[in-house]
Amino acid sequence: MIARSLIAIFLSFVTLTSFGQNEFGNIHVKVIDAETNQPVPFANVYLNQTTIGGFANEQGEVDVKKIPFGTHQLVVSEIGHIPQQRKLIIKATQTMYITVTLRERMLDVVTVVAKHDRKWRRQFKRFEKMFFGSAHFKQCDITNPSALQFNDQNGQFIADSKEPLKIENNYLGYKLDFVITNCFFTAEKFNITGFARFEEKKGDEKQSNKWKEHREKIYRGSPQHFFPYGDRQCIAN
C-alpha cells in the first residue's frame, strides 16, 4: 500500500523497470468469487507500482510473465469486488500457480446519484489540486471522476472511490489505475493509501522524448515533483 507522496510510486516503478535483473519468473493466477466459487472474468492482476500485469480471461485466469526475481506485491481488483493483495516472492524460473479469492463489494445504493451537484463539482476541483499538486494538475486527468465520493469530517477532507481511478498523467506519459484504500487531506498533512498500476502512453518520437526528459527530471528531482504537493507532508501508517 502507498502511504507517502506519489513520487514514491514513480521511483519504485523506475527502479524496477529501468535497472532490471537478469533472472525472471512467471505466475499463473486464477481469480474466483468467494461466494459462488465461480471464476471472476476480466479481473485486473498486476504488481503494485509497475507496468507488469494483465487481465483475466473469461475463465478468470491470466499468465503474468517476466517478473524480476525478488519480493513484490500482487494486486487483484475487479469492479464489484473488494481488491486483494498479497506478498509475492519470485526466486525460481518455474511458473508459480496462485488462486486469489475476491469477496463481493456491497454497494451503498443510497449514495449512487445520476448527476453530481455543484457541491460535488467544487469538491472534485479541490481534490484534483490536492491529489496532483498545483504545479501539474492541469496536465493530469481522471477519466472516471464520477467514481469519486467526498466527505468533510473533523477538519479532514476525505476522498473515496467505488472503483479504481483511471488517471492519465500527460506530463510524464503514463496511464494509471489507482485503487484508493484511504485518502484524506488537512491543512498540515495528508495520507494517500492504495495500489497503482502503470501503463506507458503512446506518442510520436518528439512526445516520447519529452516524456523521457520529464521522467528523468522527476527521478532526479525532489520528492515534491511527481504529483507535487507543495510543502505539505504525507504521513505513513
# chains A, B, ... in the order shown; residues from 1 in each chain; ligands from 1
call {"tool": "residues_around", "arguments": {"residues": "segment 173-179 of chain A", "least_positions_apart": "4", "cutoff": "9 Å", "atoms": "only C-alpha atoms", "output": "ChimeraX atom specification"}}
result
/A:77,83,161-169,193-203,207-208,210-212,214-215
call {"tool": "select_by_dssp", "arguments": {"residues": "segment 5-104 of chain A", "states": "strand (DSSP E)", "output": "MDAnalysis selection string"}}
result
chainID A and resid 24:33 44:47 53:55 61:68 70:77 84:90 96:102
call {"tool": "write_last_selection", "arguments": {"atoms": "C-alpha atoms", "output": "tab-separated table (two decimals), in the first residue's frame"}}
result
chain	number	residue	atom	x	y	z
A	24	PHE	CA	12.78	-13.73	-14.15
A	25	GLY	CA	9.86	-15.90	-13.15
A	26	ASN	CA	6.23	-16.29	-14.21
A	27	ILE	CA	2.92	-16.70	-12.40
A	28	HIS	CA	-0.43	-18.17	-13.41
A	29	VAL	CA	-3.26	-16.57	-11.46
A	30	LYS	CA	-6.81	-17.87	-11.13
A	31	VAL	CA	-9.39	-15.46	-9.71
A	32	ILE	CA	-12.59	-16.83	-8.13
A	33	ASP	CA	-15.60	-15.37	-6.33
A	44	ASN	CA	-7.07	-6.76	-13.19
A	45	VAL	CA	-3.98	-8.67	-11.97
A	46	TYR	CA	-0.74	-6.73	-11.54
A	47	LEU	CA	2.34	-5.98	-9.46
A	53	GLY	CA	0.33	-7.42	-15.17
A	54	GLY	CA	-2.65	-8.40	-17.25
A	55	PHE	CA	-6.39	-9.10	-17.29
A	61	GLU	CA	-7.17	-16.93	-15.42
A	62	VAL	CA	-4.15	-14.94	-16.54
A	63	ASP	CA	-0.42	-15.51	-17.04
A	64	VAL	CA	1.92	-12.76	-15.86
A	65	LYS	CA	5.38	-13.27	-17.28
A	66	LYS	CA	8.91	-11.95	-16.92
A	67	ILE	CA	8.69	-10.93	-13.26
A	68	PRO	CA	12.13	-9.99	-11.84
A	70	GLY	CA	12.62	-10.62	-5.65
A	71	THR	CA	9.71	-9.57	-3.45
A	72	HIS	CA	6.66	-7.89	-4.97
A	73	GLN	CA	3.09	-7.02	-4.04
A	74	LEU	CA	0.48	-8.76	-6.16
A	75	VAL	CA	-2.82	-6.89	-6.50
A	76	VAL	CA	-6.08	-8.28	-7.90
A	77	SER	CA	-9.05	-5.98	-8.43
A	84	GLN	CA	-6.99	-8.21	-2.66
A	85	GLN	CA	-3.23	-8.03	-2.29
A	86	ARG	CA	-0.58	-10.49	-1.22
A	87	LYS	CA	3.15	-10.71	-0.87
A	88	LEU	CA	4.80	-12.40	-3.83
A	89	ILE	CA	8.35	-13.79	-3.78
A	90	ILE	CA	9.84	-14.77	-7.12
A	96	MET	CA	4.05	-20.32	-9.86
A	97	TYR	CA	0.33	-21.16	-9.68
A	98	ILE	CA	-1.79	-18.86	-7.50
A	99	THR	CA	-5.51	-18.74	-6.69
A	100	VAL	CA	-6.98	-15.46	-5.44
A	101	THR	CA	-10.44	-15.23	-3.90
A	102	LEU	CA	-12.37	-11.96	-4.17
call {"tool": "atom_distance", "arguments": {"atom1": "atom CA of Ser134 of chain A", "atom2": "atom CA of Asn182 of chain A"}}
result
21.2 Å
call {"tool": "select_by_dssp", "arguments": {"residues": "segment 48-230 of chain A", "states": "alpha helix (DSSP H)", "output": "number ranges by chain"}}
result
A: 118-132, 205-220
